[in-house]
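Enquirer: Structure in structure tokens, see below.
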Amino acid sequence: TMAYKESLASQRLDAEQQPETSTTTATTATPSVKPGFYRAVYDAKNKDDENELPGDLVRVEGQPAHTDAAVNEAFDNVGKVLDFYHQQFAWKSIDNRNMHVLSSVHFGQDYENAFWDPDRMQMVFGDGHAFLYKFTGCIDVIGHELTHAITEHTAPLEYEGQPGALNEHVSDVFGIMAKQMLEDETAEKSDWLIGEGCLLPDVKGVALRSMKNPGTAYDDPRFGKDPQPDHMDGYKRGTTEDNGGVHMFSGIPNRAFYLAAVAFGGYSWEKAGQVWWKTMNSGRVPPRCTFIQFADVTTEVAEELFGDEGAKIVRAAWTEVGVVR
Ligand code: ASN
Ligand code: ZN
Ligand code: CA
């Protein structure tokens, strides 16, 4: 029922401002400094053609709220995700150079998806129809899509098979942390649901995905059951659909992140999130990274940041989902 983009191509991005490297690890205590973000929201006017994107410009930085709720939701939630990345990881916008963030709302007729368009370098949101809606209202969905763009600048994981599932996983990891920061929830307290609020009210389910319990997000006679396995026992090679099941097998690393975050305790972005962020910026994640390689790098980085105890926590999480022994 859901259409997926074919692939995420790597791309070069033009910088808006002077390059600035930052190695600072921010914490919750760091005050929010407006680092010069620039958001623009467009109305795609329900046209289905990607060639007509972005559409009509309706709201840019500094302008007051529009009459269209989807426009304001996209604008506000993009701002919250940019604040999250800046506060926790000292990262400026998509490319760390304050690249403008473009979003188009009302794409297509009854279009049930949201995606990062790598060719046009913008986010695109449909209105949904029978199963899903209100993508712009979910900060974790916006965080997920924006993270696809950021991943191209940190460790561009090929959008196919295991690296593709890791690409999906990383988008869920940073999407859920943006939501957890907004809701001031610790790892323990969080629901770990992606796209809670995006399922139409009559759908039997709670969200698009569950990072805590993959495979349990929905089960509806009309749309089927959440297909995510929560362990390598459920991993199948050779799936051609969905670029080799990138949205399916991301459940396995997702649960590992959840387990690590809860074991570390406190807010997810303080320990587990720092490990995953440093991993993506380590230069040790190749484009065709496998689950095992990713588990190894996160474990190494956990050791570097949090010593033996940190490495033990991360290793145990990957062991529990069957990626390593
Ligand atoms: N919402 C999906 C995603 O971000 C759309 C896609 O497959 N590109 O992964
Ligand atoms: Zn995605
Ligand atoms: Ca909730």
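By convention here, the chains of the structure tokens are called A, B, ... in the order presented, each chain's residues are numbered starting at 1, and ligands are numbered starting at 1 in the order presented.
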At a cut-off of 12 Å, using only C-alpha atoms, what residues contact Asp49 of chain A? Leave out same-chain residues fewer than 4 positions from it and give the result as a count of residues only.
Expert: 11
Enquirer: Near segment 155-168 of chain A, counting only C-alpha atoms, which residues have an atom at most 9 Å away, once you skip same-chain residues fewer than 5 positions from it, shown as a PyMOL selection string?
Expert: chain A and resi 6-10+144+148+150+173+237-240+242-254+279-291+294
Enquirer: For the residues in that selection, give me C-alpha atoms as a short mmCIF file (atom, residue, chain, number, x, y, z; two decimals), in the first residue's frame.
Expert:
data_model
loop_
_atom_site.label_atom_id
_atom_site.label_comp_id
_atom_site.auth_asym_id
_atom_site.auth_seq_id
_atom_site.Cartn_x
_atom_site.Cartn_y
_atom_site.Cartn_z
CA GLU A 6 13.73 3.91 -5.62
CA SER A 7 17.02 5.08 -4.28
CA LEU A 8 18.87 7.81 -2.50
CA ALA A 9 21.64 9.11 -4.71
CA SER A 10 24.65 10.78 -3.19
CA HIS A 144 13.48 10.86 9.95
CA HIS A 148 18.22 11.05 5.32
CA ILE A 150 22.14 14.62 6.95
CA VAL A 173 17.21 6.86 15.70
CA ARG A 237 18.36 -12.13 2.14
CA GLY A 238 17.26 -11.64 -1.45
CA THR A 239 14.11 -9.65 -0.76
CA THR A 240 13.82 -7.40 -3.82
CA ASP A 242 11.54 -2.03 -0.90
CA ASN A 243 15.24 -1.99 -1.95
CA GLY A 244 15.82 -5.27 -0.15
CA GLY A 245 13.47 -4.61 2.73
CA VAL A 246 15.10 -1.41 3.98
CA HIS A 247 11.97 -0.42 5.94
CA MET A 248 11.51 -3.96 7.20
CA PHE A 249 14.96 -4.94 8.48
CA SER A 250 15.67 -1.55 10.07
CA GLY A 251 13.66 -2.98 12.97
CA ILE A 252 16.62 -5.14 14.00
CA PRO A 253 19.15 -2.30 14.55
CA ASN A 254 16.30 -0.11 15.84
CA THR A 279 29.83 6.43 14.60
CA MET A 280 28.27 8.21 11.62
CA ASN A 281 31.03 10.84 11.74
CA SER A 282 33.91 8.42 12.38
CA GLY A 283 34.87 7.70 8.80
CA ARG A 284 34.53 4.02 9.74
CA VAL A 285 31.08 3.44 8.24
CA PRO A 286 31.49 2.47 4.57
CA PRO A 287 28.69 2.97 2.00
CA ARG A 288 28.04 -0.78 1.97
CA CYS A 289 28.25 -1.24 5.72
CA THR A 290 26.76 -4.47 7.05
CA PHE A 291 24.92 -4.88 10.36
CA PHE A 294 27.98 -1.21 12.17
#
Enquirer: Let me see if you get this right: every residue at most 8 Å from ligand 3, counting only C-alpha atoms and all ligand atoms, written as an NGL selection string.
Expert: :A and (190-193 or 196)
Enquirer: Around ligand 1, at most 7 Å away and counting only C-alpha atoms and all ligand atoms, which residues are there? Put them as a PyMOL selection string, please.
Expert: chain A and resi 4-5+113-116+144-145+168+247
Enquirer: From the options A:Glu241, A:Asp95, A:Asp172, A:Asp68, which residue's atoms come nearest to ligand 2, counting only C-alpha atoms and all ligand atoms?
Expert: A:Asp172
Enquirer: Quick one: distance from atom CA of Asp127 of chain A to atom CA of Asn213 of chain A in Å, one decimal?
Expert: 27.2 Å
Enquirer: Which value, in Å to one decimal, gives the distance between atom CA of Arg315 of chain A and atom 1 (Zn, counted along the ligand's line) of ligand 2?
Expert: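 That distance, rounded to one decimal, is 25.2 Å.
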Enquirer: Restricting the calculation to only C-alpha atoms and all ligand atoms: of A:Arg209, A:Lys47, A:Lys179, A:Lys204, which residue gets closest to ligand 2?
Expert: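 Nearest to ligand 2: A:Arg209.
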Enquirer: Can you check which residues of segment 46-275 of chain A DSSP gives as alpha helix (DSSP H) on the backbone and send them as a VMD selection string?
Expert: chain A and resid 69 to 89 139 to 154 161 to 182 241 to 249 251 to 264 272 to 275
Enquirer: Kindly save the residues from that selection, with C-alpha atoms included, as a PDB file, in the first residue's frame.
Expert:
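Output file again_22.pdb is given in full below:
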ATOM      1  CA  ALA A  69      -1.972  23.992   9.088  1.00  0.00           C
ATOM      2  CA  ALA A  70       0.301  21.620   7.118  1.00  0.00           C
ATOM      3  CA  VAL A  71       2.520  24.548   6.144  1.00  0.00           C
ATOM      4  CA  ASN A  72       2.927  25.640   9.769  1.00  0.00           C
ATOM      5  CA  GLU A  73       3.457  22.090  11.039  1.00  0.00           C
ATOM      6  CA  ALA A  74       6.231  21.504   8.500  1.00  0.00           C
ATOM      7  CA  PHE A  75       7.804  24.875   9.315  1.00  0.00           C
ATOM      8  CA  ASP A  76       7.643  24.397  13.101  1.00  0.00           C
ATOM      9  CA  ASN A  77       8.741  20.763  13.183  1.00  0.00           C
ATOM     10  CA  VAL A  78      11.661  21.384  10.820  1.00  0.00           C
ATOM     11  CA  GLY A  79      12.736  24.131  13.235  1.00  0.00           C
ATOM     12  CA  LYS A  80      12.515  21.771  16.208  1.00  0.00           C
ATOM     13  CA  VAL A  81      14.572  19.108  14.447  1.00  0.00           C
ATOM     14  CA  LEU A  82      17.223  21.673  13.461  1.00  0.00           C
ATOM     15  CA  ASP A  83      17.330  22.857  17.107  1.00  0.00           C
ATOM     16  CA  PHE A  84      17.718  19.255  18.265  1.00  0.00           C
ATOM     17  CA  TYR A  85      20.702  18.619  15.972  1.00  0.00           C
ATOM     18  CA  HIS A  86      22.275  21.918  16.912  1.00  0.00           C
ATOM     19  CA  GLN A  87      21.823  21.547  20.657  1.00  0.00           C
ATOM     20  CA  GLN A  88      22.846  17.905  20.966  1.00  0.00           C
ATOM     21  CA  PHE A  89      25.415  17.527  18.207  1.00  0.00           C
ATOM     22  CA  ILE A 139       8.283  15.565  14.551  1.00  0.00           C
ATOM     23  CA  ASP A 140       9.806  12.075  14.367  1.00  0.00           C
ATOM     24  CA  VAL A 141       8.712  11.730  10.732  1.00  0.00           C
ATOM     25  CA  ILE A 142      10.254  15.112   9.889  1.00  0.00           C
ATOM     26  CA  GLY A 143      13.338  14.123  11.897  1.00  0.00           C
ATOM     27  CA  HIS A 144      13.485  10.857   9.945  1.00  0.00           C
ATOM     28  CA  GLU A 145      13.320  12.559   6.536  1.00  0.00           C
ATOM     29  CA  LEU A 146      15.764  15.323   7.466  1.00  0.00           C
ATOM     30  CA  THR A 147      18.180  12.699   8.764  1.00  0.00           C
ATOM     31  CA  HIS A 148      18.220  11.049   5.320  1.00  0.00           C
ATOM     32  CA  ALA A 149      19.657  14.350   4.068  1.00  0.00           C
ATOM     33  CA  ILE A 150      22.140  14.622   6.948  1.00  0.00           C
ATOM     34  CA  THR A 151      23.292  11.016   6.452  1.00  0.00           C
ATOM     35  CA  GLU A 152      24.455  11.990   2.949  1.00  0.00           C
ATOM     36  CA  HIS A 153      26.913  14.342   4.688  1.00  0.00           C
ATOM     37  CA  THR A 154      28.106  12.010   7.437  1.00  0.00           C
ATOM     38  CA  GLY A 161      19.931  -4.317   1.639  1.00  0.00           C
ATOM     39  CA  GLN A 162      21.729  -4.060   5.000  1.00  0.00           C
ATOM     40  CA  PRO A 163      23.329  -0.629   4.424  1.00  0.00           C
ATOM     41  CA  GLY A 164      19.894   0.556   3.257  1.00  0.00           C
ATOM     42  CA  ALA A 165      18.264  -0.798   6.414  1.00  0.00           C
ATOM     43  CA  LEU A 166      20.993   0.985   8.428  1.00  0.00           C
ATOM     44  CA  ASN A 167      20.219   4.197   6.537  1.00  0.00           C
ATOM     45  CA  GLU A 168      16.552   3.751   7.531  1.00  0.00           C
ATOM     46  CA  HIS A 169      17.590   2.860  11.077  1.00  0.00           C
ATOM     47  CA  VAL A 170      19.713   5.992  11.519  1.00  0.00           C
ATOM     48  CA  SER A 171      16.758   8.104  10.350  1.00  0.00           C
ATOM     49  CA  ASP A 172      14.531   6.465  12.975  1.00  0.00           C
ATOM     50  CA  VAL A 173      17.210   6.855  15.700  1.00  0.00           C
ATOM     51  CA  PHE A 174      17.562  10.616  15.225  1.00  0.00           C
ATOM     52  CA  GLY A 175      13.842  11.054  14.516  1.00  0.00           C
ATOM     53  CA  ILE A 176      12.884   9.412  17.815  1.00  0.00           C
ATOM     54  CA  MET A 177      15.478  11.432  19.735  1.00  0.00           C
ATOM     55  CA  ALA A 178      14.076  14.691  18.316  1.00  0.00           C
ATOM     56  CA  LYS A 179      10.658  13.574  19.584  1.00  0.00           C
ATOM     57  CA  GLN A 180      12.091  12.520  22.964  1.00  0.00           C
ATOM     58  CA  MET A 181      13.763  15.911  23.400  1.00  0.00           C
ATOM     59  CA  LEU A 182      10.563  17.752  22.459  1.00  0.00           C
ATOM     60  CA  GLU A 241      10.858  -5.335  -2.672  1.00  0.00           C
ATOM     61  CA  ASP A 242      11.542  -2.034  -0.903  1.00  0.00           C
ATOM     62  CA  ASN A 243      15.239  -1.994  -1.952  1.00  0.00           C
ATOM     63  CA  GLY A 244      15.824  -5.271  -0.149  1.00  0.00           C
ATOM     64  CA  GLY A 245      13.474  -4.612   2.729  1.00  0.00           C
ATOM     65  CA  VAL A 246      15.100  -1.413   3.982  1.00  0.00           C
ATOM     66  CA  HIS A 247      11.967  -0.416   5.935  1.00  0.00           C
ATOM     67  CA  MET A 248      11.514  -3.958   7.203  1.00  0.00           C
ATOM     68  CA  PHE A 249      14.957  -4.937   8.484  1.00  0.00           C
ATOM     69  CA  GLY A 251      13.664  -2.983  12.974  1.00  0.00           C
ATOM     70  CA  ILE A 252      16.623  -5.137  14.004  1.00  0.00           C
ATOM     71  CA  PRO A 253      19.151  -2.297  14.552  1.00  0.00           C
ATOM     72  CA  ASN A 254      16.297  -0.112  15.838  1.00  0.00           C
ATOM     73  CA  ARG A 255      15.711  -2.512  18.707  1.00  0.00           C
ATOM     74  CA  ALA A 256      19.457  -2.649  19.409  1.00  0.00           C
ATOM     75  CA  PHE A 257      19.505   1.136  19.756  1.00  0.00           C
ATOM     76  CA  TYR A 258      16.489   1.051  22.059  1.00  0.00           C
ATOM     77  CA  LEU A 259      18.150  -1.616  24.246  1.00  0.00           C
ATOM     78  CA  ALA A 260      21.417   0.344  24.429  1.00  0.00           C
ATOM     79  CA  ALA A 261      19.651   3.639  25.219  1.00  0.00           C
ATOM     80  CA  VAL A 262      17.634   2.077  28.048  1.00  0.00           C
ATOM     81  CA  ALA A 263      20.705   0.290  29.438  1.00  0.00           C
ATOM     82  CA  PHE A 264      22.703   3.542  29.454  1.00  0.00           C
ATOM     83  CA  ALA A 272      23.542   6.052  22.998  1.00  0.00           C
ATOM     84  CA  GLY A 273      22.792   8.998  20.695  1.00  0.00           C
ATOM     85  CA  GLN A 274      26.350  10.308  21.089  1.00  0.00           C
ATOM     86  CA  VAL A 275      27.704   6.863  20.213  1.00  0.00           C
TER      87      VAL A 275
END
Enquirer: Calculated over only C-alpha atoms, which of the candidates A:Ser103, A:Asn51, A:Gln228, A:Thr298 has the smallest distance to Met211 of chain A?
Expert: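 Comparing A:Ser103, A:Asn51, A:Gln228, A:Thr298 against Met211 of chain A, the winner is A:Gln228.
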Enquirer: Could you jot down the atom CA of Trp269 of chain A to atom CA of Ser93 of chain A separation for me, Å, one decimal place?
Expert: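 For atom CA of Trp269 of chain A relative to atom CA of Ser93 of chain A, the distance reads 17.5 Å.
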Enquirer: For Asp220 of chain A, work out the shell of residues within 7 Å, counting only C-alpha atoms and skipping chain neighbours fewer than 4 positions away, then give it as a list in words.
Expert: Val203, Lys204, Gly224 and Lys225 of chain A
Enquirer: Please identify which residues in segment 105-238 of chain A DSSP calls strand (DSSP E or B) from the backbone, and express them as an NGL selection string.
Expert: :A and (105-107 or 114-117 or 122-126 or 128 or 132-133 or 193-194 or 199 or 205 or 209-210 or 218-220 or 224-225)
Enquirer: Could you please take those selected residues and save C-alpha atoms as a compact mmCIF listing (two decimals), in the first residue's frame?
Expert:
# COMPACT_ATOMS: atom_id res chain seq x y z
CA VAL A 105 3.43 19.98 1.46
CA HIS A 106 0.30 18.67 -0.33
CA PHE A 107 2.28 16.60 -2.82
CA ALA A 114 6.85 11.60 3.04
CA PHE A 115 10.34 11.52 1.62
CA TRP A 116 13.64 13.30 1.11
CA ASP A 117 14.11 13.99 -2.59
CA GLN A 122 14.13 18.93 -0.37
CA MET A 123 11.54 17.16 1.74
CA VAL A 124 8.18 16.22 0.26
CA PHE A 125 4.97 15.45 2.17
CA GLY A 126 1.77 13.94 0.84
CA GLY A 128 -2.24 10.68 3.03
CA LEU A 132 -1.80 7.43 6.88
CA TYR A 133 -2.09 11.21 7.17
CA LEU A 193 7.02 4.86 18.33
CA ILE A 194 7.75 6.38 14.93
CA LEU A 199 -2.28 6.52 11.36
CA GLY A 205 -2.45 0.20 15.14
CA ARG A 209 7.02 1.50 13.46
CA SER A 210 8.00 0.54 16.98
CA TYR A 218 -0.10 -2.07 13.39
CA ASP A 219 -2.18 -5.04 12.37
CA ASP A 220 -5.13 -4.07 10.21
CA GLY A 224 -1.73 -5.84 6.76
CA LYS A 225 0.56 -6.32 9.71
Enquirer: For each of A:Glu183, A:Val101, A:Gly195, A:Asn46, take the minimum atom-to-atom distance to ligand 2, counting only C-alpha atoms and all ligand atoms, then give the residue where this is smallest.
Expert: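 Smallest separation from ligand 2 among the options: A:Gly195.
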